[in-house]
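**Q** I am sharing my_file-v4.tsv, which consists of TSV, C-alpha atoms and all ligand atoms:
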```
chain	number	residue	atom	x	y	z
A	3	MET	CA	0.00	0.00	0.00
A	4	PHE	CA	1.12	3.55	-0.64
A	5	ARG	CA	1.62	5.95	2.21
A	6	PHE	CA	1.91	9.66	1.77
A	7	PHE	CA	3.58	11.72	4.40
A	8	PRO	CA	2.55	15.30	4.95
A	9	GLN	CA	5.19	17.84	4.03
A	10	LYS	CA	4.41	21.47	4.53
A	11	ASP	CA	1.65	21.75	2.00
A	12	LYS	CA	1.82	18.79	-0.30
A	13	TYR	CA	2.08	15.03	-0.13
A	14	ILE	CA	4.97	13.14	-1.64
A	15	PRO	CA	4.69	9.40	-2.18
A	16	GLU	CA	6.95	7.63	0.29
A	17	THR	CA	7.67	4.99	-2.28
A	18	SER	CA	6.54	4.26	-5.79
A	19	LEU	CA	6.32	0.50	-5.92
A	20	TYR	CA	4.30	0.49	-9.11
A	21	THR	CA	4.45	2.53	-12.27
A	22	PHE	CA	1.25	3.62	-13.94
A	23	ASP	CA	0.87	1.97	-17.32
A	24	PRO	CA	-1.40	4.00	-19.62
A	25	ALA	CA	-1.72	0.94	-21.87
A	26	GLY	CA	-2.55	-1.33	-18.90
A	27	ALA	CA	-5.94	-2.07	-17.34
A	28	ILE	CA	-7.80	1.16	-16.62
A	29	PRO	CA	-10.77	0.77	-14.24
A	30	GLN	CA	-13.99	1.61	-16.07
A	31	HIS	CA	-15.69	2.88	-12.92
A	32	ILE	CA	-13.81	4.66	-10.14
A	33	ALA	CA	-15.55	5.79	-6.95
A	34	ILE	CA	-13.99	8.28	-4.55
A	35	ILE	CA	-14.70	9.15	-0.92
A	36	MET	CA	-13.42	12.73	-0.91
A	37	ASP	CA	-12.33	13.19	2.68
A	38	GLY	CA	-10.12	15.67	4.51
A	39	ASN	CA	-11.39	19.08	3.36
A	40	GLY	CA	-11.85	20.23	6.97
A	41	ARG	CA	-8.35	19.17	8.02
A	42	TRP	CA	-6.84	20.81	4.94
A	43	ALA	CA	-8.46	24.10	5.99
A	44	GLN	CA	-7.57	23.65	9.67
A	45	ASN	CA	-3.90	23.08	8.74
A	46	ARG	CA	-3.98	26.55	7.19
A	47	ARG	CA	-6.01	28.15	9.99
A	48	LEU	CA	-8.84	28.69	7.55
A	49	PRO	CA	-12.54	28.02	8.12
A	50	ARG	CA	-13.63	24.48	7.21
A	51	VAL	CA	-15.61	25.73	4.23
A	52	ALA	CA	-12.37	26.97	2.61
A	53	GLY	CA	-11.43	23.28	2.44
A	54	HIS	CA	-14.70	22.44	0.70
A	55	GLN	CA	-14.12	25.30	-1.75
A	56	GLU	CA	-10.65	23.97	-2.57
A	57	GLY	CA	-12.14	20.46	-2.68
A	58	MET	CA	-14.47	21.66	-5.42
A	59	ASN	CA	-11.47	22.76	-7.48
A	60	THR	CA	-9.96	19.29	-7.02
A	61	VAL	CA	-13.23	17.80	-8.33
A	62	LYS	CA	-12.73	19.83	-11.52
A	63	THR	CA	-9.10	18.71	-11.90
A	64	ILE	CA	-9.88	15.05	-11.28
A	65	THR	CA	-12.93	15.06	-13.55
A	66	ASN	CA	-10.82	16.31	-16.46
A	67	TYR	CA	-8.01	13.93	-15.65
A	68	ALA	CA	-10.26	10.87	-15.31
A	69	SER	CA	-12.07	11.70	-18.53
A	70	LYS	CA	-8.79	11.99	-20.42
A	71	LEU	CA	-7.67	8.61	-19.03
A	72	GLY	CA	-10.76	7.04	-20.62
A	73	ILE	CA	-12.60	6.22	-17.41
A	74	LYS	CA	-16.28	5.57	-18.11
A	75	VAL	CA	-17.82	6.43	-14.73
A	76	LEU	CA	-16.49	8.59	-11.90
A	77	THR	CA	-18.68	8.44	-8.79
A	78	LEU	CA	-17.92	11.06	-6.14
A	79	TYR	CA	-19.30	11.02	-2.59
A	80	ALA	CA	-20.20	14.69	-2.20
A	81	PHE	CA	-22.77	14.60	0.62
A	82	SER	CA	-23.97	11.68	2.70
A	83	THR	CA	-27.34	11.18	4.36
A	84	GLU	CA	-25.39	11.63	7.63
A	85	ASN	CA	-23.79	14.97	6.66
A	86	TRP	CA	-26.97	16.87	7.69
A	87	LYS	CA	-25.63	16.56	11.27
A	88	ARG	CA	-22.97	19.21	10.49
A	89	PRO	CA	-23.42	22.86	11.53
A	90	THR	CA	-26.06	24.67	9.47
A	91	ASP	CA	-23.55	27.10	7.93
A	92	GLU	CA	-21.40	24.25	6.67
A	93	VAL	CA	-24.43	22.36	5.30
A	94	ASN	CA	-25.61	25.53	3.54
A	95	PHE	CA	-22.16	25.97	2.02
A	96	LEU	CA	-22.10	22.36	0.84
A	97	MET	CA	-25.55	22.80	-0.72
A	98	GLN	CA	-24.33	25.90	-2.60
A	99	LEU	CA	-21.22	24.13	-3.95
A	100	PRO	CA	-22.98	22.13	-6.69
A	101	VAL	CA	-24.61	25.38	-7.85
A	102	ASP	CA	-21.21	27.12	-8.12
A	103	PHE	CA	-19.60	24.03	-9.59
A	104	PHE	CA	-22.12	23.59	-12.38
A	105	ASP	CA	-22.42	27.35	-13.05
A	106	THR	CA	-18.69	27.57	-13.72
A	107	PHE	CA	-17.87	24.14	-15.07
A	108	VAL	CA	-20.69	22.93	-17.33
A	109	PRO	CA	-19.19	24.52	-20.50
A	110	GLU	CA	-15.99	22.57	-19.88
A	111	LEU	CA	-17.97	19.39	-19.16
A	112	ILE	CA	-19.75	19.82	-22.48
A	113	LYS	CA	-16.43	20.38	-24.28
A	114	GLU	CA	-15.06	17.25	-22.59
A	115	ASN	CA	-18.24	15.25	-23.55
A	116	VAL	CA	-18.89	14.44	-19.86
A	117	LYS	CA	-22.42	13.54	-18.80
A	118	VAL	CA	-23.54	14.63	-15.33
A	119	HIS	CA	-25.67	12.41	-13.14
A	120	VAL	CA	-26.70	12.83	-9.53
A	121	MET	CA	-27.79	9.93	-7.33
A	122	GLY	CA	-29.24	10.28	-3.86
A	123	TYR	CA	-32.38	11.52	-2.16
A	124	GLU	CA	-32.48	14.68	-4.27
A	125	GLN	CA	-36.00	15.56	-3.17
A	126	TYR	CA	-34.62	16.62	0.25
A	127	LEU	CA	-32.02	19.00	-1.19
A	128	PRO	CA	-32.79	22.74	-1.14
A	129	ALA	CA	-34.61	23.98	-4.26
A	130	HIS	CA	-31.60	25.91	-5.61
A	131	THR	CA	-29.40	22.79	-5.39
A	132	GLN	CA	-32.06	20.64	-7.07
A	133	ASP	CA	-32.43	23.21	-9.84
A	134	ALA	CA	-28.66	23.36	-10.48
A	135	VAL	CA	-28.44	19.58	-10.58
A	136	LYS	CA	-31.38	19.22	-12.97
A	137	ARG	CA	-30.00	21.93	-15.23
A	138	ALA	CA	-26.55	20.32	-15.38
A	139	MET	CA	-28.03	16.88	-16.11
A	140	ASP	CA	-30.18	18.38	-18.83
A	141	GLN	CA	-27.36	20.42	-20.39
A	142	THR	CA	-25.09	17.36	-20.59
A	143	LYS	CA	-27.71	14.69	-21.35
A	144	ASP	CA	-26.54	14.13	-24.95
A	145	ASN	CA	-22.88	13.74	-24.01
A	146	THR	CA	-21.52	10.28	-24.65
A	147	GLY	CA	-18.23	10.34	-22.72
A	148	MET	CA	-17.51	9.79	-19.04
A	149	VAL	CA	-20.43	9.83	-16.60
A	150	LEU	CA	-19.68	12.17	-13.69
A	151	ASN	CA	-21.90	10.70	-11.02
A	152	PHE	CA	-22.31	12.73	-7.83
A	153	ALA	CA	-23.63	10.96	-4.74
A	154	LEU	CA	-25.56	13.78	-3.07
A	155	ASN	CA	-27.62	13.05	0.01
A	156	TYR	CA	-26.68	9.43	-0.56
A	157	GLY	CA	-26.42	6.55	1.91
A	158	GLY	CA	-25.72	2.91	1.07
A	159	ARG	CA	-28.08	1.36	3.62
A	160	ALA	CA	-30.88	3.77	2.71
A	161	GLU	CA	-30.34	2.91	-0.96
A	162	ILE	CA	-30.64	-0.83	-0.28
A	163	THR	CA	-33.71	-0.26	1.92
A	164	THR	CA	-35.40	1.76	-0.85
A	165	ALA	CA	-34.62	-0.97	-3.39
A	166	VAL	CA	-36.00	-3.69	-1.10
A	167	LYS	CA	-39.19	-1.69	-0.56
A	168	ALA	CA	-39.66	-1.18	-4.30
A	169	ILE	CA	-39.14	-4.89	-4.98
A	170	ALA	CA	-41.53	-5.80	-2.13
A	171	ALA	CA	-44.18	-3.53	-3.66
A	172	GLU	CA	-43.74	-5.19	-7.07
A	173	VAL	CA	-43.98	-8.64	-5.49
A	174	ALA	CA	-47.15	-7.59	-3.62
A	175	GLN	CA	-48.69	-6.69	-6.99
A	176	GLN	CA	-47.39	-9.81	-8.75
A	177	PRO	CA	-46.63	-12.59	-6.21
A	178	GLU	CA	-45.12	-14.83	-8.91
A	179	LEU	CA	-42.21	-12.35	-9.14
A	180	ALA	CA	-40.96	-13.50	-5.72
A	181	ASP	CA	-39.07	-16.39	-7.31
A	182	THR	CA	-37.41	-14.11	-9.85
A	183	VAL	CA	-35.70	-11.85	-7.30
A	184	ASP	CA	-32.00	-12.18	-8.01
A	185	GLU	CA	-28.81	-10.10	-7.82
A	186	GLU	CA	-29.46	-8.51	-11.21
A	187	MET	CA	-32.94	-7.41	-10.12
A	188	ILE	CA	-31.56	-5.89	-6.93
A	189	ALA	CA	-28.75	-4.13	-8.85
A	190	GLN	CA	-31.31	-2.63	-11.23
A	191	HIS	CA	-33.24	-1.17	-8.31
A	192	LEU	CA	-30.20	0.52	-6.79
A	193	MET	CA	-29.25	4.10	-7.62
A	194	THR	CA	-26.51	2.87	-9.96
A	195	GLY	CA	-29.19	0.94	-11.89
A	196	PHE	CA	-29.22	3.67	-14.55
A	197	LEU	CA	-25.71	2.68	-15.63
A	198	PRO	CA	-25.05	-0.02	-18.22
A	199	ARG	CA	-24.61	-3.30	-16.39
A	200	GLU	CA	-20.87	-3.56	-17.09
A	201	TYR	CA	-20.17	-0.17	-15.49
A	202	ARG	CA	-22.41	-0.36	-12.42
A	203	ASP	CA	-19.84	-1.54	-9.89
A	204	PRO	CA	-16.60	0.39	-9.33
A	205	GLU	CA	-13.47	-1.66	-9.93
A	206	LEU	CA	-11.57	0.81	-7.78
A	207	LEU	CA	-12.64	2.73	-4.67
A	208	ILE	CA	-10.34	5.48	-3.42
A	209	ARG	CA	-10.56	7.21	-0.03
A	210	THR	CA	-8.41	10.19	0.81
A	211	SER	CA	-7.28	11.58	4.19
A	212	GLY	CA	-5.94	8.42	5.81
A	213	GLU	CA	-9.29	7.12	7.07
A	214	GLU	CA	-9.75	3.48	6.13
A	215	ARG	CA	-13.49	2.87	6.21
A	216	ILE	CA	-16.39	2.81	3.79
A	217	SER	CA	-18.78	5.21	5.58
A	218	ASN	CA	-21.99	3.82	4.06
A	219	PHE	CA	-20.84	4.31	0.46
A	220	LEU	CA	-21.93	1.93	-2.34
A	221	LEU	CA	-22.24	-1.01	0.04
A	222	TRP	CA	-23.64	-3.41	-2.55
A	223	GLN	CA	-21.59	-2.18	-5.50
A	224	ILE	CA	-18.13	-2.50	-3.89
A	225	ALA	CA	-18.42	-6.24	-3.20
A	226	TYR	CA	-15.37	-6.90	-5.42
A	227	SER	CA	-13.85	-3.42	-5.68
A	228	GLU	CA	-10.16	-2.90	-5.08
A	229	LEU	CA	-9.67	-0.39	-2.26
A	230	PHE	CA	-7.00	2.30	-2.25
A	231	PHE	CA	-6.38	4.54	0.74
A	232	THR	CA	-4.10	7.55	0.71
A	233	ASP	CA	-3.16	9.99	3.46
A	234	ALA	CA	-3.49	12.89	1.01
A	235	LEU	CA	-6.30	15.23	1.99
A	236	TRP	CA	-8.87	15.67	-0.80
A	237	PRO	CA	-7.80	19.24	-1.75
A	238	ASP	CA	-4.25	17.86	-2.22
A	239	PHE	CA	-5.39	14.95	-4.38
A	240	SER	CA	-4.06	15.22	-7.94
A	241	GLY	CA	-3.97	13.55	-11.32
A	242	GLU	CA	-0.63	12.06	-10.34
A	243	LEU	CA	-2.17	10.46	-7.26
A	244	LEU	CA	-5.07	9.17	-9.36
A	245	GLU	CA	-2.50	7.49	-11.60
A	246	THR	CA	-0.77	6.08	-8.50
A	247	ALA	CA	-4.09	4.59	-7.37
A	248	ILE	CA	-4.62	3.08	-10.81
A	249	ALA	CA	-1.02	1.79	-10.83
A	250	SER	CA	-1.78	0.02	-7.57
A	251	TYR	CA	-4.98	-1.39	-9.12
A	252	GLN	CA	-3.01	-2.58	-12.16
A	253	ASN	CA	-0.82	-4.63	-9.85
A	254	ARG	CA	-3.64	-6.35	-7.96
A	255	ASN	CA	-4.61	-9.90	-8.63
A	256	ARG	CA	-8.40	-9.88	-9.04
A	257	ARG	CA	-9.81	-13.36	-8.55
A	258	PHE	CA	-13.47	-12.68	-7.66
A	259	GLY	CA	-13.46	-15.63	-5.30
A	260	GLY	CA	-11.90	-17.95	-7.89
A	261	LEU	CA	-8.36	-19.19	-8.37
A	262	ASP	CA	-5.48	-18.11	-10.57
A	263	LYS	CA	-5.09	-20.16	-13.77
A	264	GLU	CA	-1.88	-21.79	-12.54
A	265	GLU	CA	-3.56	-22.73	-9.25
A	266	THR	CA	-6.21	-24.79	-11.07
A	267	THR	CA	-3.69	-27.13	-12.70
A	301	LIG	C1	-15.39	15.35	3.70
A	301	LIG	O1	-14.37	16.13	4.27
A	301	LIG	C2	-15.96	16.08	2.59
A	301	LIG	C3	-17.27	16.40	2.47
A	301	LIG	C4	-18.30	16.02	3.44
A	301	LIG	C5	-17.73	17.20	1.34
A	301	LIG	C6	-17.14	16.81	0.05
A	301	LIG	C7	-17.39	17.86	-0.92
A	301	LIG	C8	-16.49	18.29	-1.81
A	301	LIG	C9	-15.15	17.70	-1.97
A	301	LIG	C10	-16.81	19.32	-2.79
A	301	LIG	C11	-17.88	18.76	-3.66
A	301	LIG	C12	-18.05	19.49	-4.86
A	301	LIG	C13	-19.17	19.46	-5.56
A	301	LIG	C14	-19.12	20.02	-6.90
A	301	LIG	C15	-20.45	18.93	-5.08
A	301	LIG	P1	-14.52	16.56	5.79
A	301	LIG	O2	-15.24	17.87	5.82
A	301	LIG	O3	-15.19	15.48	6.56
A	301	LIG	O4	-13.02	16.72	6.19
A	301	LIG	P2	-12.42	16.40	7.65
A	301	LIG	O5	-12.62	14.93	7.88
A	301	LIG	O6	-10.99	16.77	7.48
A	301	LIG	O7	-13.15	17.26	8.63
```
Can you turn what I pasted into structure tokens?
**A**
Amino acid sequence: MFRFFPQKDKYIPETSLYTFDPAGAIPQHIAIIMDGNGRWAQNRRLPRVAGHQEGMNTVKTITNYASKLGIKVLTLYAFSTENWKRPTDEVNFLMQLPVDFFDTFVPELIKENVKVHVMGYEQYLPAHTQDAVKRAMDQTKDNTGMVLNFALNYGGRAEITTAVKAIAAEVAQQPELADTVDEEMIAQHLMTGFLPREYRDPELLIRTSGEERISNFLLWQIAYSELFFTDALWPDFSGELLETAIASYQNRNRRFGGLDKEETT
């Protein structure tokens, strides 16, 4: 695993065990838990929201970088169903960020052929956030490149609960469906169900800021994801670090519960 040690204001890889191979396996779907904005701001004696503001700039950088690498889906955890517990000022700031982000970045997203999607309980977001999200999705709906998928007011357990309820309602209407409930049916009812089947589950999940937990993110979808943790705080995350994460992924041995070829002989 890679470890990044804080220098004054940037993170330098302690060691580079793997080299990124642009011609090697590139994950089609990458999911990121963008953590550490608050600590980034604190380290500079700035208010926490300054970290979120800088975090938004990193989202722009990483979106462009991921799109150029040929990644098909980039899912970013922008606001969890638990983040409402934060102070009102911070929540208000976080709800304004998508508005500022899309206002300033949609032309570039269109140029880059990126399609915006938002998954989460959008109906509980403030009206101005909902409007910005809908506008961005509409303005980029014909784009055919990378899907930039924001998890906004998203929670993995809530998502599974909603899917189970929807399936239960369908079964109540048509009891014979009970026998047809399978993994594919459940996957279709999750918030990633809008994605083509081959892109629904991230091959690689990245979490920044040194925390090594999943925090209720994509619980079903990450069953076989490779996990990559870095000490870099989200505002310090960079294209180079994204390549480091992919380099690590390229050196994993993905068996999906099976055996290597040589082990079967
Ligand atoms: C976690 O860091 C980060 C968040 C809860 C918000 C993430 C949001 C962004 C990166 C900007 C999103 C941009 C758009 C366009 C929606 P933290 O505040 O928990 O950091 P800490 O653990 O250091 O306190």
**Q** I'd like a table as CSV: residues in chain A with an atom no more than 6 Å from ligand LIG 301 (chain A), each row giving the shortest atom pair and its distance in Å to one decimal, only C-alpha atoms and all ligand atoms counted, sorted by chain and rising residue number.
**A**
```
residue,atom,partner,partner_atom,distance
A:Met36,CA,A:LIG301,C9,5.4
A:Asp37,CA,A:LIG301,C1,3.9
A:Gly38,CA,A:LIG301,O6,3.3
A:Asn39,CA,A:LIG301,O4,4.0
A:Gly40,CA,A:LIG301,O6,3.6
A:Arg41,CA,A:LIG301,O6,3.6
A:His54,CA,A:LIG301,C10,5.1
A:Gly57,CA,A:LIG301,C9,4.1
A:Met58,CA,A:LIG301,C12,4.2
A:Ala80,CA,A:LIG301,C6,4.3
A:Phe81,CA,A:LIG301,C4,5.5
A:Leu99,CA,A:LIG301,C13,5.3
A:Pro100,CA,A:LIG301,C15,4.4
A:Phe103,CA,A:LIG301,C14,4.9
```
**Q** Rank nothing, just name the residue among A:Val75, A:Val51, A:Ile208, A:Ile162 nearest to A:Glu228, using all atoms listed in the file.
**A**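 Nearest candidate to A:Glu228 out of A:Val75, A:Val51, A:Ile208, A:Ile162: A:Ile208.
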**Q** Kindly extract all protein, DNA and RNA residues lying within 7 Å of the coordinates (-22.0, 13.7, -24.9) given in the file, considering only C-alpha atoms, and supply them as an NGL selection string.
**A** :A and (112 or 115-117 or 142-147)
**Q** When distances are computed from all atoms listed in the file, which of A:Ile169, A:Pro49, A:Tyr156, A:Trp236 shows the smallest separation from A:Asp91?
**A**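 With all atoms listed in the file as the atom set, the closest residue is A:Pro49.
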**Q** Given the point (-32.9, -9.2, -4.1) in the file's coordinates, find the residues that have an atom at most 12 Å from it, counting only C-alpha atoms, and give them as number ranges by chain.
**A** A: 162-170, 172-173, 179-192, 222
**Q** Can you work out the spacing between atom CA of A:Asp133 and atom CA of A:Asn59 in Å, to one decimal?
**A**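 Between atom CA of A:Asp133 and atom CA of A:Asn59 the gap is 21.1 Å.
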**Q** Given only C-alpha atoms as the basis, pick out the residue of A:Phe219, A:Phe230, A:Tyr126, A:Phe196 nearest to A:Val149.
**A**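 Selected residue with least distance to A:Val149: A:Phe196.
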**Q** Rank nothing, just name the residue among A:Ala68, A:Met121, A:Leu229, A:Leu78 nearest to A:Met139, using only C-alpha atoms.
**A**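 Closest candidate: A:Met121.
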**Q** Between A:Ala138, A:Leu71, A:Leu235, A:Leu206, single out the one closest to A:Asn45, counting only C-alpha atoms.
**A**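 Of the candidates, the smallest distance to A:Asn45 is held by A:Leu235.
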**Q** Separation of atom CA of A:Gly241 and atom CA of A:Thr131, in Å?
**A**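 Taking atom CA of A:Gly241 as the start and atom CA of A:Thr131 as the end point, the length is 27.7 Å.
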**Q** Would you please work out which residue, of A:Leu197, A:Phe95, A:Arg159, A:Pro177, is nearest to A:Val120 when using only C-alpha atoms?
**A**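 Ranked by minimum distance to A:Val120, first place goes to A:Leu197.
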**Q** Please indicate the distance in Å from atom CA of A:Gly122 to atom CA of A:Gly158, rounded to one decimal place.
**A**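 These two atoms are separated by 9.5 Å.
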**Q** Contacts of stretch 246-257 of chain A at 7 Å or less, counting all atoms listed in the file, minus same-chain residues fewer than 3 places along, as a PyMOL selection string?
**A** chain A and resi 20-23+26-28+228+230+242-243+260-262
**Q** Pick out the residues sitting within 6 Å of A:Ala43, and hand them over as a short mmCIF file (atom, residue, chain, number, x, y, z; two decimals) with C-alpha atoms, keeping the file's coordinate frame; count only C-alpha atoms, and ignore anything fewer than 5 positions along from it in its own chain.
**A**
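Output saved as out10.cif:
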```cif
data_model
loop_
_atom_site.label_atom_id
_atom_site.label_comp_id
_atom_site.auth_asym_id
_atom_site.auth_seq_id
_atom_site.Cartn_x
_atom_site.Cartn_y
_atom_site.Cartn_z
CA LEU A 48 -8.84 28.69 7.55
CA ARG A 50 -13.63 24.48 7.21
CA ALA A 52 -12.37 26.97 2.61
CA GLY A 53 -11.43 23.28 2.44
#
```
**Q** Which residues are close to A:Lys74, i.e. within 8 Å by only C-alpha atoms, leaving aside same-chain residues fewer than 4 positions away? Reply as a list in words.
**A** Gln30, His31, Ser69, Gly147, Met148, Val149 and Tyr201 of chain A
